[in-house]
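Notes follow once the structure below has been shown.
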Amino acid sequence: MAPSTLSAALLIARKDLAIEFRTRTAFFSALVFALLGIVIFYFAWDPTAVAPIDLAPGVLWGIFTFSGLLGLQRSFGIEQADRAIDALLGAPIPREAIYLGKAMANLVFVAAVQVIAIPAVELFYGVPLFEHAAPLALLALLSAIGLVAVGTLFSAMAVNTKLAEMLLPVLSLPFFVPIVIPAAQATARLLAGRPESEIVGWLKLLVAFDIVFVAACMLAFPFTIEE
Amino acid sequence: MDWLFAIAVIAIAAALTRVIYYTPFEAIQGPAQKIFYLHLPAALAAFFAFGVVALASIAYLWLGDPRLDRAAESSAEVGVVFTTVVLITGPLWARPVWGTWWTWDARLTLTLFLWFIYVGYLVLRGAIDDPSLRARYSAVLGILGSLLIPFIHLSVYLFRTLHPRPIVIKPSAPSLPPEMLTTLLISFVAFMLFYLALVRQRYRLASERDLLALEEAR
């Protein structure tokens, strides 16, 4: 009896996270990239002309997307060595489980980077993000789900092309627009001390995006596998 | 020369002649407004082209017929050309009328992202050699791209309404006088003919290419 989709997915996620935990190369490069980005953006603007509170939301979510891409690139890249992907495909599990497992591992990865990068924005920009911890955590989770849903699928596609990892940003970034805009706008509202009801519309947009693209990407994934 | 292509070229020439010589100037915008007869038909043809890409992509994943993939490929390429025309004629028109080349209006932003999505689609096609893999991947992106369009539209629309621009006023579509409407319709038909002719040519090229690949593989 083949294991159920969810338990197989958890197994794959655990495998990917174990590889990442033992090497930690992608995590540290994504983290250092995020911190560098946060610092560079601060110096790229004149702080007397643009207040850090206006700058922080855009920087936070812009950097979040780019550092997320670094992690996503590895997702299927690690399966290319010794054609490990063949073993995954040969396993008696549904194809959706492979996608789901990869996506869960990527979600943990992206969330782990966020857990350090968001406090870093608070620290370097001196903006009161922690006062809005609960809505911000919800925003971070919803954005991460959408980013990972689309990014995992494109990562699976990109590794089989001639351009490999160079293709991932070209394919993914247009899809991250409806994530970055709501996340940054909602964060700006929170930081400006507006009532939380003002961000409900943006949250709904993110939820809709997550539902549509998690479903669509899971359905599309079996078509992206090289038989 | 291909007969449909010849008809399309004649239709475009006729439409342009009518635009230049037989259509009155708009009262306020003057001659600058005449670019409208290129701009709107090109935009409609581009939207139509991307609609064809989405439908052909869905049908390809369902039926697996390589002809559907060639249709999606051809339509996407022609759609990108028409979107480029829209993105070039738009700023040319906006500069004298709005006083700026570009503004982050919802519709402009959406068109720009359409261009990015389908240029990405063409880049993806160019990056895969195996025909069946290329067809499947392109179909997946063709479908996801069409799902993305409403989300981009909604987010840029909300973005704009939350931050209203003080000066930029987009002229709401005026009810056109009959001469202008006729010109627009003629121009639209000409552009659709041109779209069909280009896609037909491009489709033939794709067929020949696939045939050649098959011969070489033998």
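Labels for the structure tokens follow display order: chains A, B, ..., residues from 1 in each chain, ligands from 1.
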
For this session: Pick out the residues sitting within 8 Å of Val150 of chain A, and hand them over as a PyMOL selection string; count only C-alpha atoms, and ignore anything fewer than 4 positions along from it in its own chain.
Result: chain A and resi 146+154+172+175+213-214+217

Selection file, C-alpha atoms, as a CSV table (one decimal), in the first residue's frame:
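Ended up saving to again_24.csv:
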chain,number,residue,atom,x,y,z
A,146,GLY,CA,2.0,32.2,-2.7
A,154,PHE,CA,8.9,27.0,-11.8
A,172,SER,CA,8.6,34.0,-11.3
A,175,PHE,CA,3.9,36.2,-10.5
A,213,PHE,CA,-2.1,29.2,-7.4
A,214,VAL,CA,-1.6,26.3,-4.8
A,217,CYS,CA,0.4,24.6,-9.5

Report as CSV the residues of chain B within 7 Å of chain A, each with its shortest atom pair and distance in Å (one decimal), using only C-alpha atoms, ordered by chain and increasing residue number.
residue,atom,partner,partner_atom,distance
B:Phe113,CA,A:Pro174,CA,6.7
B:Phe116,CA,A:Pro174,CA,6.9
B:Ile117,CA,A:Pro174,CA,6.3
B:Gly120,CA,A:Leu171,CA,5.7
B:Ala127,CA,A:Lys162,CA,5.1
B:Ile128,CA,A:Thr161,CA,5.2
B:Arg136,CA,A:Phe223,CA,6.3
B:Tyr137,CA,A:Thr224,CA,6.1
B:Val140,CA,A:Ala220,CA,6.3
B:Leu148,CA,A:Phe175,CA,6.7
B:Phe151,CA,A:Pro178,CA,6.0
B:Ile152,CA,A:Pro178,CA,5.4
B:Ser155,CA,A:Pro178,CA,5.7

Those selected residues, please, written with C-alpha atoms and delivered as a PDB file, in the first residue's frame.
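Here's the written file part.pdb:
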ATOM      1  CA  PHE B 113       3.136  43.072 -17.115  1.00  0.00           C
ATOM      2  CA  PHE B 116       6.706  40.656 -19.302  1.00  0.00           C
ATOM      3  CA  ILE B 117       4.672  37.457 -18.878  1.00  0.00           C
ATOM      4  CA  GLY B 120       9.031  35.185 -20.365  1.00  0.00           C
ATOM      5  CA  ALA B 127      15.374  27.486 -23.584  1.00  0.00           C
ATOM      6  CA  ILE B 128      14.059  23.974 -24.301  1.00  0.00           C
ATOM      7  CA  ARG B 136       4.123  20.870 -21.950  1.00  0.00           C
ATOM      8  CA  TYR B 137       6.109  23.550 -20.121  1.00  0.00           C
ATOM      9  CA  VAL B 140       1.686  25.194 -18.108  1.00  0.00           C
ATOM     10  CA  LEU B 148      -2.231  35.729 -13.156  1.00  0.00           C
ATOM     11  CA  PHE B 151      -4.577  39.239  -9.919  1.00  0.00           C
ATOM     12  CA  ILE B 152      -2.190  41.769 -11.392  1.00  0.00           C
ATOM     13  CA  SER B 155      -3.554  44.615  -7.246  1.00  0.00           C
TER      14      SER B 155
END

Identify, on the basis of only C-alpha atoms, every residue whose closest approach to Gly151 of chain A does not exceed 7 Å; exclude the query and any residue fewer than 4 positions from it along the same chain; express the result as a short mmCIF file (atom, residue, chain, number, x, y, z; two decimals) with C-alpha atoms, in the first residue's frame.
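The new file out16.cif reads:
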data_model
loop_
_atom_site.label_atom_id
_atom_site.label_comp_id
_atom_site.auth_asym_id
_atom_site.auth_seq_id
_atom_site.Cartn_x
_atom_site.Cartn_y
_atom_site.Cartn_z
CA LEU A 72 13.78 28.07 -4.66
CA LEU A 147 5.68 32.70 -3.41
CA SER A 155 11.98 25.63 -10.10
CA SER A 172 8.61 33.98 -11.34
#

Exercise. What's the 6 Å shell around segment 23-34 of chain A, counting only C-alpha atoms, without same-chain residues fewer than 6 positions away, as a PyMOL selection string?
Worked result: chain A and resi 63+67+70+113

Residue subset to file, keeping C-alpha atoms, as a CSV table (one decimal), in the first residue's frame:
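Final file, result-v7.csv:
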chain,number,residue,atom,x,y,z
A,63,ILE,CA,14.1,41.6,-0.5
A,67,SER,CA,16.0,36.0,-1.2
A,70,LEU,CA,17.7,31.9,-3.9
A,113,VAL,CA,14.8,33.7,6.4

Problem set entry | Nearby residues (only C-alpha atoms) at most 6 Å from Ala46 of chain B, same-chain spacing under 4 positions excluded, as a PyMOL selection string | chain B and resi 79+82-83

Please produce a file of those selected residues containing N, CA and C atoms, as a PDB file, in the first residue's frame.
ATOM      1  N   GLY B  79       1.244  38.073 -30.391  1.00  0.00           N
ATOM      2  CA  GLY B  79       0.695  38.871 -29.291  1.00  0.00           C
ATOM      3  C   GLY B  79       1.736  39.789 -28.669  1.00  0.00           C
ATOM      4  N   PHE B  82       2.229  42.737 -30.948  1.00  0.00           N
ATOM      5  CA  PHE B  82       1.148  43.722 -30.838  1.00  0.00           C
ATOM      6  C   PHE B  82       1.224  44.476 -29.499  1.00  0.00           C
ATOM      7  N   THR B  83       1.584  43.765 -28.413  1.00  0.00           N
ATOM      8  CA  THR B  83       1.729  44.449 -27.128  1.00  0.00           C
ATOM      9  C   THR B  83       2.848  45.478 -27.204  1.00  0.00           C
TER      10      THR B  83
END

For this session: Please provide as a PyMOL selection string all residues within 10 Å of Val81 of chain B, with the sequence filter that same-chain residues fewer than 6 positions apart are discarded (counting only C-alpha atoms).
Result: chain B and resi 42+46+75+87+115+119+195

Would you output that residue set with C-alpha atoms, as a short mmCIF file (atom, residue, chain, number, x, y, z; two decimals), in the first residue's frame?
data_model
loop_
_atom_site.label_atom_id
_atom_site.label_comp_id
_atom_site.auth_asym_id
_atom_site.auth_seq_id
_atom_site.Cartn_x
_atom_site.Cartn_y
_atom_site.Cartn_z
CA ALA B 42 -3.38 46.61 -31.51
CA ALA B 46 -2.97 41.44 -28.36
CA SER B 75 -0.20 33.42 -31.19
CA LEU B 87 3.55 50.05 -25.44
CA TRP B 115 4.39 42.01 -22.03
CA VAL B 119 8.22 37.61 -23.20
CA TYR B 195 -3.03 39.11 -36.67
#

Quick one: residues within 12 Å of Arg107 of chain B, only C-alpha atoms counted, chain neighbours fewer than 5 positions away excluded, as a PDB file with N, CA and C atoms, in the first residue's frame?
ATOM      1  N   ALA B  43      -4.139  46.760 -29.198  1.00  0.00           N
ATOM      2  CA  ALA B  43      -4.372  46.235 -27.844  1.00  0.00           C
ATOM      3  C   ALA B  43      -5.400  45.108 -27.889  1.00  0.00           C
ATOM      4  N   VAL B  86       1.482  48.458 -28.759  1.00  0.00           N
ATOM      5  CA  VAL B  86       0.670  49.202 -27.787  1.00  0.00           C
ATOM      6  C   VAL B  86       1.571  50.018 -26.863  1.00  0.00           C
ATOM      7  N   LEU B  87       2.665  49.383 -26.397  1.00  0.00           N
ATOM      8  CA  LEU B  87       3.549  50.052 -25.443  1.00  0.00           C
ATOM      9  C   LEU B  87       4.373  51.153 -26.099  1.00  0.00           C
ATOM     10  N   GLY B  90       1.426  54.008 -27.067  1.00  0.00           N
ATOM     11  CA  GLY B  90       0.848  54.605 -25.856  1.00  0.00           C
ATOM     12  C   GLY B  90       1.623  55.817 -25.382  1.00  0.00           C
ATOM     13  N   TRP B 102       4.893  58.213 -19.423  1.00  0.00           N
ATOM     14  CA  TRP B 102       4.420  57.023 -18.720  1.00  0.00           C
ATOM     15  C   TRP B 102       3.746  57.431 -17.418  1.00  0.00           C
ATOM     16  N   LEU B 112       2.001  46.437 -19.371  1.00  0.00           N
ATOM     17  CA  LEU B 112       3.439  46.214 -19.224  1.00  0.00           C
ATOM     18  C   LEU B 112       3.710  44.812 -18.681  1.00  0.00           C
ATOM     19  N   PHE B 113       2.909  44.403 -17.678  1.00  0.00           N
ATOM     20  CA  PHE B 113       3.136  43.072 -17.115  1.00  0.00           C
ATOM     21  C   PHE B 113       2.723  41.966 -18.072  1.00  0.00           C
ATOM     22  N   LEU B 114       1.699  42.214 -18.894  1.00  0.00           N
ATOM     23  CA  LEU B 114       1.356  41.251 -19.941  1.00  0.00           C
ATOM     24  C   LEU B 114       2.565  41.009 -20.824  1.00  0.00           C
ATOM     25  N   ILE B 149      -3.299  37.201 -14.764  1.00  0.00           N
ATOM     26  CA  ILE B 149      -3.738  38.515 -15.253  1.00  0.00           C
ATOM     27  C   ILE B 149      -4.772  39.190 -14.338  1.00  0.00           C
ATOM     28  N   PRO B 150      -5.849  38.484 -13.910  1.00  0.00           N
ATOM     29  CA  PRO B 150      -6.798  39.174 -13.021  1.00  0.00           C
ATOM     30  C   PRO B 150      -6.170  39.623 -11.703  1.00  0.00           C
ATOM     31  N   ILE B 152      -2.983  40.558 -11.169  1.00  0.00           N
ATOM     32  CA  ILE B 152      -2.190  41.769 -11.392  1.00  0.00           C
ATOM     33  C   ILE B 152      -3.124  42.952 -11.584  1.00  0.00           C
ATOM     34  N   HIS B 153      -4.185  42.732 -12.348  1.00  0.00           N
ATOM     35  CA  HIS B 153      -5.117  43.827 -12.593  1.00  0.00           C
ATOM     36  C   HIS B 153      -5.689  44.348 -11.278  1.00  0.00           C
ATOM     37  N   LEU B 154      -6.126  43.418 -10.420  1.00  0.00           N
ATOM     38  CA  LEU B 154      -6.740  43.814  -9.153  1.00  0.00           C
ATOM     39  C   LEU B 154      -5.743  44.532  -8.254  1.00  0.00           C
ATOM     40  N   SER B 155      -4.501  43.999  -8.173  1.00  0.00           N
ATOM     41  CA  SER B 155      -3.554  44.615  -7.246  1.00  0.00           C
ATOM     42  C   SER B 155      -3.102  45.982  -7.748  1.00  0.00           C
ATOM     43  N   VAL B 156      -2.902  46.151  -9.048  1.00  0.00           N
ATOM     44  CA  VAL B 156      -2.493  47.486  -9.502  1.00  0.00           C
ATOM     45  C   VAL B 156      -3.668  48.460  -9.452  1.00  0.00           C
ATOM     46  N   TYR B 157      -4.881  47.930  -9.612  1.00  0.00           N
ATOM     47  CA  TYR B 157      -6.056  48.789  -9.543  1.00  0.00           C
ATOM     48  C   TYR B 157      -6.254  49.308  -8.120  1.00  0.00           C
ATOM     49  N   LEU B 158      -6.155  48.398  -7.134  1.00  0.00           N
ATOM     50  CA  LEU B 158      -6.272  48.801  -5.731  1.00  0.00           C
ATOM     51  C   LEU B 158      -5.149  49.749  -5.352  1.00  0.00           C
ATOM     52  N   PHE B 159      -3.961  49.463  -5.891  1.00  0.00           N
ATOM     53  CA  PHE B 159      -2.788  50.291  -5.616  1.00  0.00           C
ATOM     54  C   PHE B 159      -3.060  51.736  -6.042  1.00  0.00           C
ATOM     55  N   ARG B 160      -3.670  51.882  -7.201  1.00  0.00           N
ATOM     56  CA  ARG B 160      -3.908  53.213  -7.724  1.00  0.00           C
ATOM     57  C   ARG B 160      -5.004  53.924  -6.953  1.00  0.00           C
ATOM     58  N   LYS B 170      -7.154  60.543 -16.906  1.00  0.00           N
ATOM     59  CA  LYS B 170      -7.265  59.734 -18.102  1.00  0.00           C
ATOM     60  C   LYS B 170      -8.592  60.074 -18.764  1.00  0.00           C
TER      61      LYS B 170
END

For this session: Taking the chain letters and numbering used in this document, name the residues of segment 15-167 of chain B that DSSP puts in alpha helix (DSSP H), as a PyMOL selection string.
Result: chain B and resi 15-21+36-63+66-98+106-126+131-162

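For the pair atom CA of Leu190 of chain A and atom CA of Val50 of chain A, the interatomic distance is 18.0 Å.
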